[in-house]
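Accompanying notes for the structure given below.
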Amino acid sequence: MAEPLDAYSRVVSSVAAELLPKVASVRAGRGSGSAVVFTADGFLLTNAHVVGSSRAGTVAFADGTSGDFVVVGRDPLSDLAVIRAQTATPAPALLGDSDELVVGQMVVAVGTPLGLAGSVTAGVVSGLGRSLPARSGSNVRLIEDVIQTDAALNPGNSGGALADSHARVVGINTAVAGVGVGLAVPMNSTTRSIIAALIRDGRVRRAFLGLVTSPAPLPEQLRRRTGQDGALRVVEVVPGSPAHLAGLRAGDLVLSAGRSPVGDAQSLQRLMFADAIGRPLPITVYRNGALVDVIAEPVELTGSGV
């Protein structure tokens with residue numbers, strides 16, 4: 001008689017059973033990866049870098065069903081793309097809310113790494129609110145507000161699901177930053193707005209500032225002065241970007257942008273849509289014990305970094 005599963009194994013196996021049929025293997029041009037069914041009428045979510053500049057490709061599911069797909073839209077800044085299968089698809093996966101995640105929470109990654117269909121790994125949320133650069137040659141693409149996990153990710157996992165213990169998709173796996181460091185695009189209100197724009201318009205007009213940031217607590221005296229608990233620490237400023245031209249520096253603590261408090265990556269990211277392009281954006285930072293005001297003028301993000 002088989003040994004009964006322990007609680008951890010029961011959770012992982014139940015998530016796998018729920019999501020494996022709904023995560024497809026994707027091929028587009030020279031690229032390959034995974035995609036997650038998220039509507040009943042054949043729309044799938046994947047990474048922009050998986051589809052690249054392709055307009056179409058092929059998709060295959062765990063039950064052996066395969067067929068063509070067309071690219072509906074892509075957004076390089078979030079590294080998200082929406083495709084639509086030209087064949088029957090399984091019932092959609094349930095989308096969750098990454099804002100409810102906590103560091104240390106168990107997550108399960110489902111994808112098709114290294115051409116191996118139906119691969120499942122598990123781990124924990126290692127970090128939240130990351131903002132990291134992804135480089136391709138001389139181009140730099142910033143992926144905002146990513147989830148960091150130690151669930152093993154390999155080439156081909158990109159575009160697959162990162163799920164919580166209830167099989168709700170809380171992220172789309174996007175990159176491997178090192179051994180034991182996987183990154184996923186969060187599933188939150190900002191992401192849902194991006195997905196809606198991709199379905200509606202095929203693209204998202206995004207403003208580009210050029211900051212790589214990480215959430216940081218404020219010193220006690222600054223908390224009392226501003227009424228804020230946290231801010232964004234500037235880790236890197238992209239050379240030649242609007243942030244660089246405005247005089248922002250690595251080490252700055254971004255307190256506000258557009259005269260609104262900035263406490264996490266989402267609060268800054270929510271400003272970086274079409275309305276911000278070409279308009280002066282006042283930014284207040286804390287630097288060397290003093291508050292410093294600068295004006296940046298975001299530019300439109302182009303697709304050259306895909």
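Naming scheme: A, B, ... for chains in displayed order of the structure tokens; residues 1 onward per chain; ligands 1 onward as shown.
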
Counting only C-alpha atoms, give me one row per residue of range 163-229 of chain A with an atom at most 8 Å from an atom of range 1-24 of chain A, showing the shortest contact pair and its distance in Å to one decimal, sorted by chain then residue number, as JSON lines.
```
{"residue": "A:Ala163", "atom": "CA", "partner": "A:Val15", "partner_atom": "CA", "distance": 7.6}
{"residue": "A:Ser165", "atom": "CA", "partner": "A:Val11", "partner_atom": "CA", "distance": 6.1}
{"residue": "A:His166", "atom": "CA", "partner": "A:Val15", "partner_atom": "CA", "distance": 6.7}
{"residue": "A:Ala167", "atom": "CA", "partner": "A:Val15", "partner_atom": "CA", "distance": 4.8}
```

Could you write out the selected residues, including all heavy atoms, as a tab-separated table (two decimals), in the first residue's frame?
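Generated file (result19.tsv):
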```
chain	number	residue	atom	x	y	z
A	163	ALA	N	1.71	29.81	-8.68
A	163	ALA	CA	0.41	29.71	-8.03
A	163	ALA	C	0.54	29.59	-6.51
A	163	ALA	O	1.56	29.13	-5.99
A	163	ALA	CB	-0.35	28.49	-8.56
A	165	SER	N	-1.31	28.15	-2.77
A	165	SER	CA	-1.72	26.80	-2.35
A	165	SER	C	-3.15	26.45	-2.76
A	165	SER	O	-3.55	25.30	-2.66
A	165	SER	CB	-1.57	26.67	-0.83
A	165	SER	OG	-2.37	27.64	-0.17
A	166	HIS	N	-3.90	27.46	-3.24
A	166	HIS	CA	-5.27	27.21	-3.71
A	166	HIS	C	-5.33	27.15	-5.24
A	166	HIS	O	-6.43	27.23	-5.81
A	166	HIS	CB	-6.21	28.29	-3.18
A	166	HIS	CG	-6.28	28.36	-1.69
A	166	HIS	ND1	-6.94	27.43	-0.92
A	166	HIS	CD2	-5.73	29.25	-0.81
A	166	HIS	CE1	-6.82	27.74	0.37
A	166	HIS	NE2	-6.09	28.84	0.45
A	167	ALA	N	-4.17	27.04	-5.88
A	167	ALA	CA	-4.06	26.96	-7.35
A	167	ALA	C	-4.49	28.25	-8.04
A	167	ALA	O	-4.84	28.24	-9.22
A	167	ALA	CB	-4.85	25.77	-7.90
```

Inset, instruction - Could you give me, as a list in words, the residues within 10 Å of Ala207 in chain A, counting only C-alpha atoms and dropping anything in the same chain fewer than 4 positions from it? - result: Leu77, Gln269, Leu271, Met272, Phe273, Ala274, Asp275, Ala276, Ile277, Gly278, Arg279, Glu297, Pro298, Val299, Glu300, Leu301 and Thr302 of chain A

Inset, instruction - as an NGL selection string, list the residues of range 140-231 of chain A assigned to helix (DSSP H, G or I) by DSSP on the backbone atoms of this structure. - result: :A and (189-201 or 220-226)

Inset, instruction - Write out as a list of chain:residue names the residues lying within 6 Å of Arg74 in chain A, counting only C-alpha atoms and excluding same-chain residues fewer than 3 positions away. - result: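 Once the adjacent positions are removed, what remains is A:Ala48, A:Leu80, A:Ala81, A:Arg203.
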
Inset, instruction - Can you work out the spacing between CA of Gly104 in chain A and CA of Leu255 in chain A in Å, to one decimal? - result: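 Between CA of Gly104 in chain A and CA of Leu255 in chain A the gap is 27.1 Å.
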
For Thr213 in chain A: contacts at 12 Å, only C-alpha atoms, fewer than 6 positions along chain excluded, given as a PDB file with all heavy atoms, in the first residue's frame:
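In the end it all went to result-v5.pdb:
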```
ATOM      1  N   LEU A 128       9.371  40.409  -2.230  1.00  0.00           N
ATOM      2  CA  LEU A 128       8.279  41.085  -2.931  1.00  0.00           C
ATOM      3  C   LEU A 128       8.674  42.509  -3.271  1.00  0.00           C
ATOM      4  O   LEU A 128       9.545  43.103  -2.631  1.00  0.00           O
ATOM      5  CB  LEU A 128       7.014  41.101  -2.059  1.00  0.00           C
ATOM      6  CG  LEU A 128       6.363  39.744  -1.784  1.00  0.00           C
ATOM      7  CD1 LEU A 128       5.352  39.868  -0.639  1.00  0.00           C
ATOM      8  CD2 LEU A 128       5.690  39.214  -3.032  1.00  0.00           C
ATOM      9  N   GLY A 129       8.036  43.068  -4.304  1.00  0.00           N
ATOM     10  CA  GLY A 129       8.261  44.470  -4.655  1.00  0.00           C
ATOM     11  C   GLY A 129       9.590  44.742  -5.307  1.00  0.00           C
ATOM     12  O   GLY A 129      10.057  45.880  -5.311  1.00  0.00           O
ATOM     13  N   ARG A 130      10.225  43.730  -5.886  1.00  0.00           N
ATOM     14  CA  ARG A 130      11.503  43.953  -6.558  1.00  0.00           C
ATOM     15  C   ARG A 130      11.294  44.738  -7.850  1.00  0.00           C
ATOM     16  O   ARG A 130      10.223  44.713  -8.454  1.00  0.00           O
ATOM     17  CB  ARG A 130      12.189  42.628  -6.897  1.00  0.00           C
ATOM     18  CG  ARG A 130      12.344  41.665  -5.731  1.00  0.00           C
ATOM     19  CD  ARG A 130      13.176  42.233  -4.619  1.00  0.00           C
ATOM     20  NE  ARG A 130      13.627  41.207  -3.700  1.00  0.00           N
ATOM     21  CZ  ARG A 130      13.913  41.410  -2.437  1.00  0.00           C
ATOM     22  NH1 ARG A 130      13.777  42.614  -1.912  1.00  0.00           N
ATOM     23  NH2 ARG A 130      14.341  40.433  -1.676  1.00  0.00           N
ATOM     24  N   SER A 131      12.324  45.440  -8.293  1.00  0.00           N
ATOM     25  CA  SER A 131      12.324  46.137  -9.574  1.00  0.00           C
ATOM     26  C   SER A 131      13.693  45.902 -10.180  1.00  0.00           C
ATOM     27  O   SER A 131      14.692  46.422  -9.688  1.00  0.00           O
ATOM     28  CB  SER A 131      12.068  47.631  -9.380  1.00  0.00           C
ATOM     29  OG  SER A 131      12.154  48.317 -10.606  1.00  0.00           O
ATOM     30  N   LEU A 132      13.743  45.072 -11.201  1.00  0.00           N
ATOM     31  CA  LEU A 132      15.030  44.601 -11.708  1.00  0.00           C
ATOM     32  C   LEU A 132      15.173  44.816 -13.208  1.00  0.00           C
ATOM     33  O   LEU A 132      14.202  44.735 -13.958  1.00  0.00           O
ATOM     34  CB  LEU A 132      15.203  43.108 -11.396  1.00  0.00           C
ATOM     35  CG  LEU A 132      15.199  42.734  -9.915  1.00  0.00           C
ATOM     36  CD1 LEU A 132      15.158  41.233  -9.760  1.00  0.00           C
ATOM     37  CD2 LEU A 132      16.440  43.305  -9.236  1.00  0.00           C
ATOM     38  N   PRO A 133      16.415  45.072 -13.682  1.00  0.00           N
ATOM     39  CA  PRO A 133      16.630  45.256 -15.117  1.00  0.00           C
ATOM     40  C   PRO A 133      16.820  43.915 -15.820  1.00  0.00           C
ATOM     41  O   PRO A 133      17.385  42.979 -15.268  1.00  0.00           O
ATOM     42  CB  PRO A 133      17.924  46.071 -15.162  1.00  0.00           C
ATOM     43  CG  PRO A 133      18.684  45.632 -13.948  1.00  0.00           C
ATOM     44  CD  PRO A 133      17.640  45.316 -12.889  1.00  0.00           C
ATOM     45  N   LEU A 142      13.098  47.176 -17.931  1.00  0.00           N
ATOM     46  CA  LEU A 142      12.857  47.092 -16.498  1.00  0.00           C
ATOM     47  C   LEU A 142      11.564  46.335 -16.235  1.00  0.00           C
ATOM     48  O   LEU A 142      10.519  46.665 -16.794  1.00  0.00           O
ATOM     49  CB  LEU A 142      12.749  48.488 -15.880  1.00  0.00           C
ATOM     50  CG  LEU A 142      14.007  49.356 -15.957  1.00  0.00           C
ATOM     51  CD1 LEU A 142      13.730  50.697 -15.296  1.00  0.00           C
ATOM     52  CD2 LEU A 142      15.184  48.668 -15.304  1.00  0.00           C
ATOM     53  N   ILE A 143      11.644  45.305 -15.426  1.00  0.00           N
ATOM     54  CA  ILE A 143      10.446  44.585 -14.999  1.00  0.00           C
ATOM     55  C   ILE A 143      10.142  45.044 -13.583  1.00  0.00           C
ATOM     56  O   ILE A 143      10.929  44.838 -12.667  1.00  0.00           O
ATOM     57  CB  ILE A 143      10.659  43.065 -15.031  1.00  0.00           C
ATOM     58  CG1 ILE A 143      11.138  42.619 -16.425  1.00  0.00           C
ATOM     59  CG2 ILE A 143       9.373  42.339 -14.660  1.00  0.00           C
ATOM     60  CD1 ILE A 143      11.519  41.164 -16.484  1.00  0.00           C
ATOM     61  N   GLU A 144       9.003  45.715 -13.406  1.00  0.00           N
ATOM     62  CA  GLU A 144       8.666  46.328 -12.132  1.00  0.00           C
ATOM     63  C   GLU A 144       7.927  45.363 -11.202  1.00  0.00           C
ATOM     64  O   GLU A 144       7.143  44.528 -11.647  1.00  0.00           O
ATOM     65  CB  GLU A 144       7.786  47.565 -12.372  1.00  0.00           C
ATOM     66  CG  GLU A 144       8.447  48.657 -13.180  1.00  0.00           C
ATOM     67  CD  GLU A 144       9.453  49.476 -12.395  1.00  0.00           C
ATOM     68  OE1 GLU A 144       9.642  49.185 -11.202  1.00  0.00           O
ATOM     69  OE2 GLU A 144      10.050  50.393 -12.971  1.00  0.00           O
ATOM     70  N   ASP A 145       8.167  45.529  -9.913  1.00  0.00           N
ATOM     71  CA  ASP A 145       7.355  44.910  -8.860  1.00  0.00           C
ATOM     72  C   ASP A 145       7.299  43.388  -8.957  1.00  0.00           C
ATOM     73  O   ASP A 145       6.252  42.778  -8.744  1.00  0.00           O
ATOM     74  CB  ASP A 145       5.935  45.497  -8.925  1.00  0.00           C
ATOM     75  CG  ASP A 145       5.219  45.372  -7.575  1.00  0.00           C
ATOM     76  OD1 ASP A 145       5.904  45.205  -6.561  1.00  0.00           O
ATOM     77  OD2 ASP A 145       3.984  45.436  -7.559  1.00  0.00           O
ATOM     78  N   VAL A 146       8.426  42.757  -9.306  1.00  0.00           N
ATOM     79  CA  VAL A 146       8.413  41.310  -9.502  1.00  0.00           C
ATOM     80  C   VAL A 146       8.402  40.558  -8.171  1.00  0.00           C
ATOM     81  O   VAL A 146       8.783  41.075  -7.126  1.00  0.00           O
ATOM     82  CB  VAL A 146       9.621  40.836 -10.340  1.00  0.00           C
ATOM     83  CG1 VAL A 146       9.570  41.414 -11.734  1.00  0.00           C
ATOM     84  CG2 VAL A 146      10.929  41.175  -9.650  1.00  0.00           C
ATOM     85  N   ALA A 231       9.424  53.821   1.457  1.00  0.00           N
ATOM     86  CA  ALA A 231       9.723  54.540   0.226  1.00  0.00           C
ATOM     87  C   ALA A 231      10.403  53.555  -0.719  1.00  0.00           C
ATOM     88  O   ALA A 231      10.443  52.350  -0.461  1.00  0.00           O
ATOM     89  CB  ALA A 231      10.612  55.751   0.508  1.00  0.00           C
ATOM     90  N   LEU A 232      10.941  54.064  -1.820  1.00  0.00           N
ATOM     91  CA  LEU A 232      11.658  53.226  -2.773  1.00  0.00           C
ATOM     92  C   LEU A 232      13.119  53.650  -2.831  1.00  0.00           C
ATOM     93  O   LEU A 232      13.427  54.813  -3.116  1.00  0.00           O
ATOM     94  CB  LEU A 232      11.036  53.336  -4.174  1.00  0.00           C
ATOM     95  CG  LEU A 232       9.664  52.694  -4.367  1.00  0.00           C
ATOM     96  CD1 LEU A 232       9.169  52.935  -5.786  1.00  0.00           C
ATOM     97  CD2 LEU A 232       9.712  51.203  -4.071  1.00  0.00           C
ATOM     98  N   ARG A 233      14.011  52.718  -2.532  1.00  0.00           N
ATOM     99  CA  ARG A 233      15.445  52.970  -2.636  1.00  0.00           C
ATOM    100  C   ARG A 233      15.875  52.813  -4.090  1.00  0.00           C
ATOM    101  O   ARG A 233      15.585  51.800  -4.717  1.00  0.00           O
ATOM    102  CB  ARG A 233      16.219  51.983  -1.774  1.00  0.00           C
ATOM    103  CG  ARG A 233      17.729  52.060  -1.912  1.00  0.00           C
ATOM    104  CD  ARG A 233      18.312  53.190  -1.095  1.00  0.00           C
ATOM    105  NE  ARG A 233      18.067  52.989   0.336  1.00  0.00           N
ATOM    106  CZ  ARG A 233      18.369  53.905   1.265  1.00  0.00           C
ATOM    107  NH1 ARG A 233      18.888  55.066   0.914  1.00  0.00           N
ATOM    108  NH2 ARG A 233      18.124  53.645   2.551  1.00  0.00           N
ATOM    109  N   VAL A 234      16.547  53.805  -4.645  1.00  0.00           N
ATOM    110  CA  VAL A 234      17.047  53.716  -6.016  1.00  0.00           C
ATOM    111  C   VAL A 234      18.297  52.849  -6.017  1.00  0.00           C
ATOM    112  O   VAL A 234      19.310  53.188  -5.413  1.00  0.00           O
ATOM    113  CB  VAL A 234      17.353  55.107  -6.590  1.00  0.00           C
ATOM    114  CG1 VAL A 234      17.952  54.983  -7.998  1.00  0.00           C
ATOM    115  CG2 VAL A 234      16.088  55.957  -6.636  1.00  0.00           C
ATOM    116  N   VAL A 235      18.201  51.706  -6.705  1.00  0.00           N
ATOM    117  CA  VAL A 235      19.323  50.783  -6.810  1.00  0.00           C
ATOM    118  C   VAL A 235      20.184  51.129  -8.019  1.00  0.00           C
ATOM    119  O   VAL A 235      21.405  51.034  -7.972  1.00  0.00           O
ATOM    120  CB  VAL A 235      18.807  49.330  -6.916  1.00  0.00           C
ATOM    121  CG1 VAL A 235      19.964  48.349  -7.093  1.00  0.00           C
ATOM    122  CG2 VAL A 235      17.978  48.967  -5.694  1.00  0.00           C
ATOM    123  N   GLU A 236      19.531  51.540  -9.092  1.00  0.00           N
ATOM    124  CA  GLU A 236      20.254  51.850 -10.335  1.00  0.00           C
ATOM    125  C   GLU A 236      19.452  52.867 -11.132  1.00  0.00           C
ATOM    126  O   GLU A 236      18.225  52.861 -11.118  1.00  0.00           O
ATOM    127  CB  GLU A 236      20.452  50.570 -11.156  1.00  0.00           C
ATOM    128  CG  GLU A 236      21.214  50.761 -12.460  1.00  0.00           C
ATOM    129  CD  GLU A 236      21.372  49.465 -13.238  1.00  0.00           C
ATOM    130  OE1 GLU A 236      21.132  48.383 -12.659  1.00  0.00           O
ATOM    131  OE2 GLU A 236      21.705  49.531 -14.442  1.00  0.00           O
ATOM    132  N   VAL A 237      20.146  53.757 -11.811  1.00  0.00           N
ATOM    133  CA  VAL A 237      19.523  54.709 -12.730  1.00  0.00           C
ATOM    134  C   VAL A 237      20.020  54.384 -14.129  1.00  0.00           C
ATOM    135  O   VAL A 237      21.228  54.342 -14.374  1.00  0.00           O
ATOM    136  CB  VAL A 237      19.865  56.167 -12.362  1.00  0.00           C
ATOM    137  CG1 VAL A 237      19.206  57.137 -13.346  1.00  0.00           C
ATOM    138  CG2 VAL A 237      19.430  56.473 -10.932  1.00  0.00           C
ATOM    139  N   VAL A 238      19.107  54.113 -15.054  1.00  0.00           N
ATOM    140  CA  VAL A 238      19.491  53.754 -16.415  1.00  0.00           C
ATOM    141  C   VAL A 238      20.134  54.960 -17.095  1.00  0.00           C
ATOM    142  O   VAL A 238      19.535  56.041 -17.139  1.00  0.00           O
ATOM    143  CB  VAL A 238      18.267  53.276 -17.220  1.00  0.00           C
ATOM    144  CG1 VAL A 238      18.661  52.982 -18.666  1.00  0.00           C
ATOM    145  CG2 VAL A 238      17.659  52.054 -16.561  1.00  0.00           C
ATOM    146  N   ALA A 243      15.091  59.691 -15.671  1.00  0.00           N
ATOM    147  CA  ALA A 243      15.528  59.776 -14.277  1.00  0.00           C
ATOM    148  C   ALA A 243      16.968  60.264 -14.187  1.00  0.00           C
ATOM    149  O   ALA A 243      17.319  61.074 -13.311  1.00  0.00           O
ATOM    150  CB  ALA A 243      15.388  58.413 -13.607  1.00  0.00           C
ATOM    151  N   LEU A 248      18.508  62.107 -10.678  1.00  0.00           N
ATOM    152  CA  LEU A 248      18.330  61.077  -9.653  1.00  0.00           C
ATOM    153  C   LEU A 248      19.557  60.178  -9.598  1.00  0.00           C
ATOM    154  O   LEU A 248      20.224  59.958 -10.614  1.00  0.00           O
ATOM    155  CB  LEU A 248      17.074  60.255  -9.952  1.00  0.00           C
ATOM    156  CG  LEU A 248      15.758  61.025  -9.770  1.00  0.00           C
ATOM    157  CD1 LEU A 248      14.586  60.211 -10.273  1.00  0.00           C
ATOM    158  CD2 LEU A 248      15.556  61.402  -8.309  1.00  0.00           C
ATOM    159  N   ARG A 249      19.857  59.652  -8.410  1.00  0.00           N
ATOM    160  CA  ARG A 249      21.081  58.881  -8.190  1.00  0.00           C
ATOM    161  C   ARG A 249      20.784  57.595  -7.438  1.00  0.00           C
ATOM    162  O   ARG A 249      19.815  57.514  -6.675  1.00  0.00           O
ATOM    163  CB  ARG A 249      22.091  59.691  -7.365  1.00  0.00           C
ATOM    164  CG  ARG A 249      22.401  61.083  -7.875  1.00  0.00           C
ATOM    165  CD  ARG A 249      23.261  61.808  -6.853  1.00  0.00           C
ATOM    166  NE  ARG A 249      23.461  63.211  -7.181  1.00  0.00           N
ATOM    167  CZ  ARG A 249      24.034  64.089  -6.366  1.00  0.00           C
ATOM    168  NH1 ARG A 249      24.447  63.681  -5.161  1.00  0.00           N
ATOM    169  NH2 ARG A 249      24.185  65.335  -6.737  1.00  0.00           N
ATOM    170  N   ALA A 250      21.640  56.601  -7.640  1.00  0.00           N
ATOM    171  CA  ALA A 250      21.570  55.385  -6.840  1.00  0.00           C
ATOM    172  C   ALA A 250      21.739  55.758  -5.368  1.00  0.00           C
ATOM    173  O   ALA A 250      22.586  56.589  -5.015  1.00  0.00           O
ATOM    174  CB  ALA A 250      22.654  54.408  -7.267  1.00  0.00           C
ATOM    175  N   GLY A 251      20.929  55.188  -4.516  1.00  0.00           N
ATOM    176  CA  GLY A 251      20.961  55.501  -3.085  1.00  0.00           C
ATOM    177  C   GLY A 251      19.874  56.464  -2.652  1.00  0.00           C
ATOM    178  O   GLY A 251      19.558  56.532  -1.454  1.00  0.00           O
ATOM    179  N   ASP A 252      19.288  57.218  -3.599  1.00  0.00           N
ATOM    180  CA  ASP A 252      18.180  58.110  -3.258  1.00  0.00           C
ATOM    181  C   ASP A 252      17.007  57.306  -2.713  1.00  0.00           C
ATOM    182  O   ASP A 252      16.752  56.180  -3.145  1.00  0.00           O
ATOM    183  CB  ASP A 252      17.705  58.880  -4.490  1.00  0.00           C
ATOM    184  CG  ASP A 252      18.661  59.994  -4.909  1.00  0.00           C
ATOM    185  OD1 ASP A 252      19.569  60.328  -4.126  1.00  0.00           O
ATOM    186  OD2 ASP A 252      18.486  60.518  -6.025  1.00  0.00           O
ATOM    187  N   LEU A 253      16.264  57.894  -1.794  1.00  0.00           N
ATOM    188  CA  LEU A 253      15.002  57.328  -1.324  1.00  0.00           C
ATOM    189  C   LEU A 253      13.872  58.126  -1.963  1.00  0.00           C
ATOM    190  O   LEU A 253      13.701  59.313  -1.666  1.00  0.00           O
ATOM    191  CB  LEU A 253      14.900  57.426   0.198  1.00  0.00           C
ATOM    192  CG  LEU A 253      15.382  56.248   1.039  1.00  0.00           C
ATOM    193  CD1 LEU A 253      15.235  56.589   2.516  1.00  0.00           C
ATOM    194  CD2 LEU A 253      14.607  54.978   0.713  1.00  0.00           C
ATOM    195  N   VAL A 254      13.110  57.507  -2.852  1.00  0.00           N
ATOM    196  CA  VAL A 254      12.001  58.190  -3.506  1.00  0.00           C
ATOM    197  C   VAL A 254      10.811  58.217  -2.554  1.00  0.00           C
ATOM    198  O   VAL A 254      10.264  57.175  -2.185  1.00  0.00           O
ATOM    199  CB  VAL A 254      11.611  57.489  -4.824  1.00  0.00           C
ATOM    200  CG1 VAL A 254      10.451  58.237  -5.493  1.00  0.00           C
ATOM    201  CG2 VAL A 254      12.804  57.418  -5.768  1.00  0.00           C
ATOM    202  N   VAL A 262       5.013  57.609  -2.418  1.00  0.00           N
ATOM    203  CA  VAL A 262       5.480  56.384  -3.069  1.00  0.00           C
ATOM    204  C   VAL A 262       5.980  55.453  -1.972  1.00  0.00           C
ATOM    205  O   VAL A 262       6.982  55.737  -1.326  1.00  0.00           O
ATOM    206  CB  VAL A 262       6.608  56.679  -4.073  1.00  0.00           C
ATOM    207  CG1 VAL A 262       7.236  55.386  -4.569  1.00  0.00           C
ATOM    208  CG2 VAL A 262       6.082  57.496  -5.242  1.00  0.00           C
ATOM    209  N   GLY A 263       5.250  54.349  -1.778  1.00  0.00           N
ATOM    210  CA  GLY A 263       5.647  53.419  -0.731  1.00  0.00           C
ATOM    211  C   GLY A 263       6.054  52.061  -1.237  1.00  0.00           C
ATOM    212  O   GLY A 263       6.666  51.278  -0.516  1.00  0.00           O
ATOM    213  N   ASP A 264       5.717  51.768  -2.496  1.00  0.00           N
ATOM    214  CA  ASP A 264       6.086  50.494  -3.085  1.00  0.00           C
ATOM    215  C   ASP A 264       6.195  50.663  -4.589  1.00  0.00           C
ATOM    216  O   ASP A 264       5.867  51.721  -5.138  1.00  0.00           O
ATOM    217  CB  ASP A 264       5.067  49.396  -2.730  1.00  0.00           C
ATOM    218  CG  ASP A 264       3.637  49.781  -3.083  1.00  0.00           C
ATOM    219  OD1 ASP A 264       3.431  50.491  -4.087  1.00  0.00           O
ATOM    220  OD2 ASP A 264       2.714  49.366  -2.350  1.00  0.00           O
ATOM    221  N   ALA A 265       6.667  49.615  -5.265  1.00  0.00           N
ATOM    222  CA  ALA A 265       6.884  49.709  -6.712  1.00  0.00           C
ATOM    223  C   ALA A 265       5.586  49.972  -7.455  1.00  0.00           C
ATOM    224  O   ALA A 265       5.567  50.693  -8.455  1.00  0.00           O
ATOM    225  CB  ALA A 265       7.543  48.424  -7.224  1.00  0.00           C
ATOM    226  N   GLN A 266       4.473  49.407  -6.964  1.00  0.00           N
ATOM    227  CA  GLN A 266       3.202  49.608  -7.653  1.00  0.00           C
ATOM    228  C   GLN A 266       2.768  51.058  -7.651  1.00  0.00           C
ATOM    229  O   GLN A 266       2.207  51.548  -8.633  1.00  0.00           O
ATOM    230  CB  GLN A 266       2.115  48.750  -6.995  1.00  0.00           C
ATOM    231  CG  GLN A 266       1.923  47.400  -7.637  1.00  0.00           C
ATOM    232  CD  GLN A 266       0.519  46.889  -7.408  1.00  0.00           C
ATOM    233  OE1 GLN A 266      -0.416  47.288  -8.091  1.00  0.00           O
ATOM    234  NE2 GLN A 266       0.376  46.016  -6.438  1.00  0.00           N
ATOM    235  N   LEU A 268       4.506  53.675  -7.855  1.00  0.00           N
ATOM    236  CA  LEU A 268       5.216  54.391  -8.910  1.00  0.00           C
ATOM    237  C   LEU A 268       4.793  53.865 -10.276  1.00  0.00           C
ATOM    238  O   LEU A 268       4.578  54.634 -11.214  1.00  0.00           O
ATOM    239  CB  LEU A 268       6.726  54.238  -8.723  1.00  0.00           C
ATOM    240  CG  LEU A 268       7.624  54.992  -9.714  1.00  0.00           C
ATOM    241  CD1 LEU A 268       7.342  56.485  -9.668  1.00  0.00           C
ATOM    242  CD2 LEU A 268       9.090  54.714  -9.420  1.00  0.00           C
ATOM    243  N   GLN A 269       4.648  52.556 -10.391  1.00  0.00           N
ATOM    244  CA  GLN A 269       4.288  51.941 -11.660  1.00  0.00           C
ATOM    245  C   GLN A 269       2.922  52.414 -12.148  1.00  0.00           C
ATOM    246  O   GLN A 269       2.702  52.577 -13.348  1.00  0.00           O
ATOM    247  CB  GLN A 269       4.295  50.419 -11.523  1.00  0.00           C
ATOM    248  CG  GLN A 269       4.105  49.667 -12.839  1.00  0.00           C
ATOM    249  CD  GLN A 269       4.100  48.164 -12.630  1.00  0.00           C
ATOM    250  OE1 GLN A 269       4.048  47.697 -11.499  1.00  0.00           O
ATOM    251  NE2 GLN A 269       4.151  47.418 -13.698  1.00  0.00           N
TER     252      GLN A 269
END
```

Inset, instruction - Show which residues sit within 12 Å of Asp41 in chain A, as a list in words. Count only C-alpha atoms, and ignore same-chain residues fewer than 4 positions away. - result: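 Counting only the stated atoms, we get Val37, Ile83, Arg84, Ala85, Gln86, Thr87, Ala88, Thr89, Pro90, Ala91 and Pro92 of chain A.
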
Inset, instruction - Could you find all residues in range 54-206 of chain A that DSSP calls strand (DSSP E) from the backbone, and write them as number ranges by chain? - result: A: 56-60, 66-75, 80-85, 106-111, 119-136, 139-149, 161-163, 169-178, 181-186

Legend entry - Residue neighbourhood Glu100 in chain A, 10 Å, only C-alpha atoms, exclusion window fewer than 2 positions, as number ranges by chain: A: 96-98, 102, 170, 188

Inset, instruction - Kindly give the distance, in Å, that separates CA of Thr121 in chain A and CA of Asn154 in chain A, rounded to a single decimal. - result: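 CA of Thr121 in chain A sits 10.3 Å away from CA of Asn154 in chain A.
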
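When only C-alpha atoms are used to compute distances to His49 in chain A, the closest of the residues A:Glu220, A:Asp63, A:Asp79, A:Asp293 turns out to be A:Asp79.
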
Legend entry - Within 7 Å of Val120 in chain A using only C-alpha atoms, minus same-chain residues under 5 positions, as number ranges by chain: A: 16, 108-111

Expected file: the selected residues, C-alpha atoms, as a PDB file, in the first residue's frame:
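Final file, out-v4.pdb:
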```pdb
ATOM      1  CA  ALA A  16      -0.383  20.495 -10.031  1.00  0.00           C
ATOM      2  CA  VAL A 108       4.146  26.315  -6.943  1.00  0.00           C
ATOM      3  CA  ALA A 109       5.629  26.891 -10.402  1.00  0.00           C
ATOM      4  CA  VAL A 110       4.039  25.098 -13.349  1.00  0.00           C
ATOM      5  CA  GLY A 111       5.526  25.214 -16.835  1.00  0.00           C
TER       6      GLY A 111
END
```
